[in-house]
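Visitor: Next comes start20.txt, compact mmCIF, C-alpha atoms:
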```txt
# COMPACT_ATOMS: atom_id res chain seq x y z
CA MET T 11 100.94 217.27 -36.40
CA LYS T 12 101.81 213.66 -35.59
CA ARG T 13 104.80 214.90 -33.65
CA THR T 14 102.51 217.27 -31.71
CA LEU T 15 100.03 214.50 -30.76
CA TYR T 16 102.59 212.01 -29.60
CA PRO T 17 103.63 213.91 -26.49
CA ILE T 18 100.02 214.46 -25.59
CA LEU T 19 99.11 210.76 -25.97
CA LEU T 20 102.14 209.80 -23.97
CA ALA T 21 101.16 212.16 -21.19
CA LEU T 22 97.61 210.83 -21.16
CA THR T 23 98.89 207.25 -20.95
CA ILE T 24 101.08 208.12 -18.00
CA VAL T 25 98.23 209.87 -16.22
CA ALA T 26 95.90 206.91 -16.82
CA THR T 27 98.49 204.53 -15.51
CA LEU T 28 98.99 206.61 -12.40
CA LEU T 29 95.28 206.86 -11.78
CA ALA T 30 94.86 203.10 -12.18
CA GLY T 31 97.56 202.52 -9.59
CA CYS T 32 95.89 204.86 -7.12
CA ALA T 33 92.42 203.34 -7.48
CA LYS T 34 91.22 200.97 -4.74
CA PRO T 35 90.96 197.45 -5.98
CA THR T 36 87.58 195.87 -5.91
CA PRO T 37 87.63 193.58 -2.85
CA VAL T 38 87.52 189.88 -3.61
CA PRO T 39 85.69 187.97 -0.92
CA PRO T 40 87.92 185.43 0.72
CA THR T 41 87.42 181.90 -0.30
CA ALA T 42 85.51 180.28 2.58
CA THR T 43 87.00 177.15 4.07
CA PRO T 44 84.39 174.51 3.34
CA VAL T 45 82.57 173.41 6.50
CA PRO T 46 81.44 169.80 6.42
CA PRO T 47 77.75 169.40 6.96
CA THR T 48 76.80 168.67 10.55
CA ALA T 49 76.01 164.96 10.76
CA THR T 50 72.70 163.97 12.27
CA PRO T 51 73.66 162.48 15.64
CA VAL T 52 73.22 158.67 15.79
CA PRO T 53 72.46 157.36 19.26
CA PRO T 54 75.05 154.85 20.42
CA THR T 55 74.06 151.22 20.08
CA ALA T 56 73.22 149.98 23.55
CA THR T 57 75.08 146.92 24.77
CA PRO T 58 72.42 144.25 25.10
CA VAL T 59 71.72 143.43 28.73
CA PRO T 60 70.49 139.88 29.27
CA PRO T 61 67.19 139.77 31.12
CA THR T 62 67.49 139.07 34.80
CA PRO T 63 66.47 135.44 35.19
CA THR T 64 63.45 134.93 37.35
CA GLU T 65 64.62 132.88 40.27
CA ALA T 66 62.62 129.69 40.64
CA PRO T 67 60.78 129.53 43.91
CA LYS T 68 62.64 127.42 46.45
CA VAL T 69 61.15 123.98 46.92
CA ASP T 70 60.05 123.08 50.43
CA GLU T 71 61.56 119.59 50.30
CA PHE T 72 60.32 118.66 53.77
CA THR T 73 56.69 119.25 52.80
CA VAL T 74 57.11 117.65 49.36
CA LEU T 75 58.53 114.51 50.96
CA ALA T 76 55.94 114.43 53.76
CA ASN T 77 53.05 114.63 51.29
CA TYR T 78 54.63 112.01 49.04
CA ILE T 79 55.16 109.54 51.88
CA SER T 80 51.61 110.08 53.11
CA GLU T 81 50.22 109.43 49.64
CA LYS T 82 52.28 106.25 49.18
CA PHE T 83 51.58 104.91 52.67
CA ALA T 84 47.83 105.35 52.18
CA GLN T 85 47.92 102.86 49.27
CA TRP T 86 50.48 100.37 50.61
CA THR T 87 50.21 96.98 52.28
CA PRO T 88 53.67 96.63 53.88
CA VAL T 89 53.80 92.92 54.76
CA VAL T 90 53.14 89.51 53.28
CA THR T 91 53.09 86.31 55.34
CA ALA T 92 55.47 83.39 54.88
CA ASP T 93 52.45 81.21 54.09
CA GLU T 94 51.47 83.54 51.23
CA VAL T 95 54.99 83.59 49.81
CA TYR T 96 55.28 79.80 49.97
CA GLU T 97 51.88 79.32 48.32
CA ASN T 98 52.92 81.67 45.55
CA LEU T 99 56.22 79.84 44.96
CA THR T 100 54.56 76.41 44.85
CA ASP T 101 51.42 77.16 42.81
CA GLY T 102 52.94 75.66 39.65
CA ASP T 103 53.11 79.03 37.88
CA PRO T 104 56.68 80.41 37.90
CA SER T 105 55.55 83.48 35.95
CA ASN T 106 53.98 84.98 39.07
CA ASP T 107 56.88 84.26 41.40
CA PRO T 108 58.14 87.34 43.24
CA PHE T 109 61.68 88.65 43.06
CA ILE T 110 62.93 87.72 46.55
CA ILE T 111 65.69 89.66 48.30
CA ASP T 112 67.37 88.37 51.45
CA VAL T 113 68.71 91.54 53.12
CA ARG T 114 70.73 89.73 55.79
CA LYS T 115 74.50 89.67 55.94
CA PRO T 116 76.14 87.63 53.15
CA GLU T 117 77.60 85.13 55.60
CA ASP T 118 74.13 84.44 57.02
CA TYR T 119 72.55 84.21 53.56
CA ALA T 120 75.15 81.50 52.85
CA LYS T 121 73.91 79.44 55.83
CA GLY T 122 70.51 79.07 54.23
CA HIS T 123 67.90 81.16 52.44
CA ILE T 124 64.56 80.94 50.65
CA GLN T 125 64.87 79.10 47.35
CA GLY T 126 65.76 81.48 44.54
CA ALA T 127 66.43 84.44 46.83
CA TYR T 128 69.06 87.03 45.94
CA ASN T 129 71.19 88.69 48.58
CA ILE T 130 71.59 92.45 49.10
CA PHE T 131 72.48 93.64 52.59
CA TRP T 132 69.80 96.07 53.77
CA LYS T 133 72.21 98.99 54.16
CA ASP T 134 73.33 98.52 50.54
CA ILE T 135 69.82 98.48 49.09
CA VAL T 136 70.10 102.23 48.31
CA LYS T 137 73.22 101.86 46.16
CA GLU T 138 72.67 102.52 42.45
CA GLU T 139 74.59 99.40 41.49
CA TYR T 140 71.92 97.28 43.17
CA LEU T 141 68.84 99.39 42.44
CA SER T 142 69.60 99.23 38.73
CA LYS T 143 69.26 95.43 38.83
CA LEU T 144 65.85 95.32 40.48
CA PRO T 145 62.71 94.88 38.38
CA LYS T 146 59.97 97.51 38.45
CA ASP T 147 57.49 95.28 36.66
CA ARG T 148 57.54 92.46 39.19
CA LYS T 149 56.59 92.05 42.84
CA ILE T 150 59.59 92.26 45.18
CA VAL T 151 59.57 90.49 48.55
CA THR T 152 62.24 91.44 51.07
CA TYR T 153 63.09 89.54 54.24
CA CYS T 154 65.65 89.78 57.01
CA TYR T 155 66.08 87.96 60.32
CA THR T 156 62.96 88.96 62.28
CA GLY T 157 61.14 91.45 60.05
CA HIS T 158 62.68 94.81 60.91
CA THR T 159 65.50 95.63 58.48
CA GLY T 160 63.51 93.83 55.79
CA GLU T 161 60.80 96.44 56.40
CA VAL T 162 63.33 99.25 56.08
CA ALA T 163 64.39 97.89 52.69
CA ALA T 164 60.80 97.38 51.51
CA THR T 165 59.80 100.89 52.59
CA ILE T 166 62.67 102.51 50.71
CA LEU T 167 62.06 100.43 47.59
CA MET T 168 58.33 101.20 47.64
CA LEU T 169 59.01 104.94 47.92
CA LEU T 170 61.42 104.65 44.98
CA GLY T 171 58.67 103.19 42.81
CA TYR T 172 59.17 99.44 43.22
CA ASP T 173 56.29 97.09 44.02
CA ALA T 174 57.86 95.92 47.27
CA VAL T 175 56.59 94.26 50.46
CA ASN T 176 58.33 92.69 53.44
CA MET T 177 57.84 89.14 54.71
CA LYS T 178 56.36 89.16 58.20
CA PHE T 179 58.78 87.95 60.91
CA GLY T 180 61.51 87.54 58.29
CA PHE T 181 63.47 84.30 58.12
CA MET T 182 62.25 83.59 61.65
CA GLY T 183 58.78 83.25 60.18
CA TRP T 184 59.95 80.95 57.38
CA SER T 185 62.27 78.39 58.96
CA LYS T 186 62.83 76.76 62.34
CA ASN T 187 66.50 76.27 61.51
CA ASP T 188 68.24 78.37 64.18
CA GLU T 189 71.66 77.98 62.58
CA ALA T 190 70.40 79.41 59.30
CA LEU T 191 68.49 82.17 61.14
CA ALA T 192 71.79 83.23 62.70
CA GLN T 193 70.11 85.43 65.31
CA PRO T 194 68.10 84.73 68.44
CA ARG T 195 64.44 84.30 67.58
CA PHE T 196 61.57 85.78 69.56
CA THR T 197 60.88 83.69 72.64
CA GLY T 198 58.31 85.77 74.49
CA PRO T 199 57.35 89.23 75.80
CA ALA T 200 59.08 91.17 78.54
CA GLY T 201 55.83 91.77 80.42
CA TYR T 202 56.33 95.49 81.05
CA PRO T 203 53.47 97.69 82.31
CA VAL T 204 51.05 99.56 80.08
CA GLU T 205 48.51 102.32 80.66
CA THR T 206 45.21 103.33 79.05
CA GLU T 207 45.36 107.08 79.71
CA PRO T 208 45.44 108.89 76.35
CA HIS T 209 48.01 111.58 75.58
CA PRO T 210 46.81 114.15 73.03
CA LEU T 211 49.37 115.79 70.79
CA THR T 212 49.29 119.46 71.79
CA GLU T 213 52.82 120.87 71.66
CA THR T 214 54.18 122.04 68.34
CA TYR T 215 57.76 122.08 67.11
CA ALA T 216 59.78 123.46 64.21
CA PRO T 217 60.52 120.83 61.55
CA PRO T 218 64.02 119.45 60.96
CA SER T 219 66.20 121.51 58.62
CA TRP T 220 67.84 119.83 55.60
CA GLU T 221 67.86 119.95 51.82
CA THR T 222 69.09 117.77 48.97
CA GLY T 223 68.68 120.17 46.05
CA GLN T 224 66.22 117.77 44.43
CA THR T 225 62.63 118.55 43.47
CA ASP T 226 61.24 115.16 42.47
CA PRO T 227 59.92 113.25 45.54
CA ALA T 228 61.53 109.93 44.58
CA ALA T 229 64.86 111.72 43.97
CA ILE T 230 64.59 113.32 47.42
CA VAL T 231 63.93 109.86 48.92
CA LEU T 232 66.99 108.41 47.22
CA ALA T 233 69.27 111.26 48.25
CA ARG T 234 68.09 111.12 51.85
CA ALA T 235 68.26 107.32 52.01
CA GLN T 236 71.78 107.20 50.59
CA ALA T 237 72.91 109.75 53.17
CA LEU T 238 71.18 108.23 56.20
CA ILE T 239 70.56 104.48 55.87
CA PRO T 240 74.23 103.34 55.98
CA ASN T 241 74.72 104.84 59.45
CA TRP T 242 71.31 104.10 60.98
CA ASN T 243 70.54 101.74 63.85
CA PRO T 244 66.85 101.06 63.19
CA VAL T 245 65.75 99.25 66.38
CA ILE T 246 65.77 99.55 70.14
CA THR T 247 64.96 96.60 72.38
CA ALA T 248 62.16 96.60 74.93
CA GLU T 249 64.77 96.15 77.67
CA ASP T 250 66.73 99.24 76.59
CA LEU T 251 63.61 101.37 76.30
CA TYR T 252 62.26 100.27 79.68
CA GLU T 253 65.61 100.95 81.34
CA ASN T 254 65.60 104.44 79.84
CA LEU T 255 62.08 105.18 81.07
CA THR T 256 62.79 103.95 84.59
CA ASP T 257 66.28 105.38 85.19
CA GLY T 258 64.88 108.25 87.27
CA ASP T 259 65.87 110.88 84.72
CA ASP T 260 62.82 112.04 82.79
CA ALA T 261 64.95 114.52 80.85
CA ASN T 262 66.40 111.73 78.72
CA ASN T 263 63.08 110.01 77.97
CA PRO T 264 62.34 109.65 74.26
CA PHE T 265 59.21 110.85 72.53
CA ILE T 266 57.22 107.61 72.16
CA LEU T 267 54.84 107.19 69.25
CA SER T 268 52.40 104.30 69.03
CA VAL T 269 51.48 103.81 65.37
CA ARG T 270 48.77 101.24 66.02
CA LYS T 271 45.08 101.82 65.37
CA PRO T 272 43.44 104.22 67.85
CA GLU T 273 41.12 101.52 69.18
CA ASP T 274 44.12 99.30 69.99
CA TYR T 275 46.07 102.17 71.51
CA ALA T 276 43.08 102.62 73.83
CA LYS T 277 43.40 99.00 75.03
CA GLY T 278 46.83 99.74 76.46
CA HIS T 279 50.06 101.46 75.47
CA ILE T 280 53.52 102.27 76.78
CA GLN T 281 53.36 104.93 79.47
CA GLY T 282 53.45 108.42 78.00
CA ALA T 283 53.06 107.24 74.41
CA TYR T 284 51.22 109.35 71.84
CA ASN T 285 49.18 107.80 69.05
CA VAL T 286 49.28 108.39 65.29
CA PHE T 287 48.31 105.56 62.94
CA TRP T 288 51.30 104.53 60.80
CA LYS T 289 49.66 105.47 57.50
CA GLU T 290 49.26 109.05 58.78
CA VAL T 291 52.61 109.42 60.51
CA ALA T 292 54.05 111.71 57.81
CA LYS T 293 51.07 114.00 57.39
CA PRO T 294 52.21 117.61 57.92
CA GLU T 295 49.57 118.26 60.57
CA ASN T 296 50.99 115.37 62.62
CA LEU T 297 54.65 116.15 61.93
CA ALA T 298 54.13 119.53 63.57
CA HIS T 299 53.86 117.72 66.91
CA TYR T 300 57.10 115.69 66.76
CA PRO T 301 60.25 117.16 68.31
CA ALA T 302 63.25 117.39 66.00
CA ASP T 303 65.71 117.75 68.89
CA LYS T 304 64.73 114.67 70.87
CA PRO T 305 64.95 110.91 70.23
CA ILE T 306 61.75 109.34 68.95
CA VAL T 307 60.76 105.70 69.44
CA THR T 308 58.00 104.26 67.27
CA TYR T 309 56.21 100.99 67.92
CA CYS T 310 53.37 98.97 66.44
CA TYR T 311 52.09 95.43 67.01
CA THR T 312 54.97 93.16 65.96
CA GLY T 313 57.64 95.56 64.68
CA HIS T 314 56.76 95.95 61.00
CA THR T 315 54.57 99.03 60.50
CA GLY T 316 56.52 100.66 63.33
CA GLU T 317 59.65 100.17 61.24
CA ALA T 318 57.96 101.61 58.16
CA ALA T 319 56.96 104.65 60.22
CA ALA T 320 60.48 104.99 61.64
CA THR T 321 61.97 104.84 58.13
CA ALA T 322 59.66 107.62 56.99
CA LEU T 323 60.57 109.81 59.97
CA LEU T 324 64.27 109.14 59.43
CA LEU T 325 64.01 110.39 55.84
CA LEU T 326 62.22 113.48 57.12
CA GLY T 327 65.09 114.28 59.46
CA TYR T 328 64.08 112.90 62.85
CA ASN T 329 66.30 111.00 65.30
CA VAL T 330 64.21 107.83 65.40
CA THR T 331 64.35 104.12 66.17
CA ASN T 332 61.67 101.43 66.24
CA LEU T 333 60.83 99.14 69.16
CA LYS T 334 61.94 95.61 68.25
CA TYR T 335 58.92 93.29 68.06
CA GLY T 336 56.65 96.21 68.90
CA MET T 337 53.96 95.66 71.51
CA MET T 338 54.47 91.91 71.09
CA GLY T 339 57.85 92.28 72.78
CA TRP T 340 56.62 94.69 75.46
CA THR T 341 53.43 93.25 76.92
CA ASP T 342 52.31 89.75 77.80
CA SER T 343 48.65 90.74 77.44
CA ASP T 344 47.17 89.31 74.26
CA GLU T 345 44.19 91.62 74.66
CA VAL T 346 46.45 94.67 74.65
CA LEU T 347 48.52 93.32 71.76
CA ALA T 348 45.31 92.89 69.73
CA GLN T 349 47.03 90.71 67.13
CA PRO T 350 48.37 87.14 67.06
CA ARG T 351 51.92 86.99 68.38
CA TYR T 352 54.75 84.92 66.95
CA ASP T 353 54.98 81.40 68.32
CA VAL T 354 57.80 79.13 67.21
CA LYS T 355 55.65 76.08 67.96
CA THR T 356 53.09 77.01 65.34
CA ALA T 357 55.45 78.83 62.94
CA PRO T 358 56.04 77.19 59.55
CA ASP T 359 59.21 75.38 58.61
CA TYR T 360 59.52 75.76 54.86
CA PRO T 361 62.50 74.46 52.84
CA ILE T 362 65.67 76.46 52.44
CA GLU T 363 68.74 76.19 50.22
CA THR T 364 72.37 77.26 50.32
CA GLU T 365 72.94 77.74 46.58
CA PRO T 366 73.81 81.39 45.91
CA HIS T 367 72.02 83.38 43.22
CA PRO T 368 73.99 86.25 41.66
CA LEU T 369 71.88 89.25 40.76
CA PRO T 370 70.81 89.26 37.10
```
Starting from the coordinates I provided, produce the structure as structure tokens.
Guide:
Amino acid sequence: MKRTLYPILLALTIVATLLAGCAKPTPVPPTATPVPPTATPVPPTATPVPPTPTEAPKVDEFTVLANYISEKFAQWTPVVTADEVYENLTDGDPSNDPFIIDVRKPEDYAKGHIQGAYNIFWKDIVKEEYLSKLPKDRKIVTYCYTGHTGEVAATILMLLGYDAVNMKFGFMGWSKNDEALAQPRFTGPAGYPVETEPHPLTETYAPPSWETGQTDPAAIVLARAQALIPNWNPVITAEDLYENLTDGDDANNPFILSVRKPEDYAKGHIQGAYNVFWKEVAKPENLAHYPADKPIVTYCYTGHTGEAAATALLLLGYNVTNLKYGMMGWTDSDEVLAQPRYDVKTAPDYPIETEPHPLP
């Protein structure tokens, strides 16, 4: 029996094996390649852009300076007499003595000067090396030969914040020593003609063009003064002005500006002259009537406030000079002059010295 079953079992095993080989295998899903999760997009970090700086509005330096000069002129007394200086120096109280600056040439300072005076040539007064040695807590009195360049120096110092005034008539008003004066003194007027016809300011002009890059008024003054004062000729003589006006060529006539009081201008003035009081010479409404492309000649009574006005106009960009001795040197009419004129006979003759005084 066992032998009978064996062939059967063998046959069944073979059949089963064959059937298993013919059967389709159960499909195995392919192993998926893992896909990384999609990252949430991160916006790129923006490169920081600095904010556009707001450009500061450009400073109108001309107007800033004009307003500053007008404000300072309105409060300023530009001259002191020799008598007042001498009284101050001899009152027995040295604590109130002014700081005196002789702005003449060094060689003329050496010939004789007011006692205790220091020497700084007027064209050098704007140099930092000298300005740094001047006191701002003490009255400064400047003087020159006849009053003109001393007034330039005093005007600049006042605009820079110093308490400065100029001595009227300069060394000529202090001493009768002609050798120490070292320049011809005033001997009398030229006697040129005057007129009473007024000349209103009607034409308008564009202002001069310049800039220093400064914004503070005193800094503008310093920058302008340092650029202009060393090369400036601040006076014109009555003879030169008269020759210009009578040469038959009106095209070269200067613009003439009387800076005396209106009531004195009305008494008589140089032919063709306009009138603006010196304290108001830098007001913008007046500046609009001065030509920037033509020479300007200022004049006053004796040369002092005319020089202050000329200095202001120079800083503002005008081609300007001042009439030496003012109306005192032009007319022989005391009524027209409307102020006492210099007279060597009655002028004081105060003591002088030759000892130098180095700046502190």
Visitor: In terms of the shortest atom-to-atom distance over all atoms listed in the file, which of T:Ser80, T:Gln125, T:Thr73, T:Ile280 is closest to His367 of chain T?
Guide: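 Closest candidate: T:Gln125.
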Visitor: Every residue with an atom at most 10 Å from (56.1, 113.7, 45.1) (file coordinates; all atoms listed in the file) is what I'm after, so could you write them as a PyMOL selection string?
Guide: chain T and resi 71+73-82+169+225-231
Visitor: Using only C-alpha atoms for the distances, tell me which of T:His299, T:His209, T:Lys68, T:Arg270 is nearest to Phe287 of chain T.
Guide: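 Smallest separation from Phe287 of chain T among the options: T:Arg270.
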Visitor: Near Lys149 of chain T, counting all atoms listed in the file, which residues have an atom at most 8 Å away, once you skip same-chain residues fewer than 6 positions from it, shown as a list in words?
Guide: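 Once the nearby chain positions are removed, what remains is Asp107, Pro108, Phe109, Tyr172, Asp173, Ala174 and Val175 of chain T.
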Visitor: Rank T:Ala237, T:Ala190, T:Val245, T:Ile306 by their smallest atom-to-atom distance to Lys115 of chain T, using only C-alpha atoms, and report the top residue only.
Guide: T:Ala190
Visitor: Smallest atom-to-atom distance to Thr356 of chain T: which of T:Thr165, T:Ser185, T:Asn262, T:Asn106, using all atoms listed in the file?
Guide: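 Among T:Thr165, T:Ser185, T:Asn262, T:Asn106, it is T:Ser185 that comes nearest to Thr356 of chain T.
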Visitor: In terms of the shortest atom-to-atom distance over all atoms listed in the file, which of T:Ala163, T:Val204, T:Leu99, T:Leu232 is closest to Ile130 of chain T?
Guide: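 Using all atoms listed in the file, the shortest distance to Ile130 of chain T belongs to T:Ala163.
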Visitor: Applying 12 Å and only C-alpha atoms, which residues near Tyr119 of chain T remain after dropping the ones on its own chain fewer than 2 positions away? List them as a ChimeraX atom specification.
Guide: /T:111-117,121-131,153-155,181,189-192,362-367
Visitor: Can you work out which one of T:Asp359, T:Glu295, T:Glu290, T:Glu94 has the shortest atom-to-atom distance to Ala319 of chain T, counting all atoms listed in the file?
Guide: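 Ranking T:Asp359, T:Glu295, T:Glu290, T:Glu94 by distance to Ala319 of chain T, first place goes to T:Glu290.
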Visitor: Could you list, as a list in words, every residue within 8 Å of Asn332 of chain T, counting only C-alpha atoms and ignoring same-chain residues fewer than 2 positions away?
Guide: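 So the residues in contact are Pro244, Val245, Ile246, Val307, Thr308, Tyr309, Gly313, Gly316, Glu317, Ala320, Val330, Lys334 and Gly336 of chain T.
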Visitor: One decimal, in Å: what's the spacing between atom CA of Pro264 of chain T and atom CA of Lys304 of chain T?
Guide: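 Between these atoms lies a distance of 6.5 Å.
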Visitor: Any idea what the distance is between atom CA of Thr206 of chain T and atom CA of Leu251 of chain T?
Guide: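 About the pair atom CA of Thr206 of chain T and atom CA of Leu251 of chain T: they are 18.7 Å apart.
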Visitor: In Å to one decimal, how far is atom CA of Ser343 of chain T from atom CA of Pro272 of chain T?
Guide: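 Atom CA of Pro272 of chain T sits 17.3 Å away from atom CA of Ser343 of chain T.
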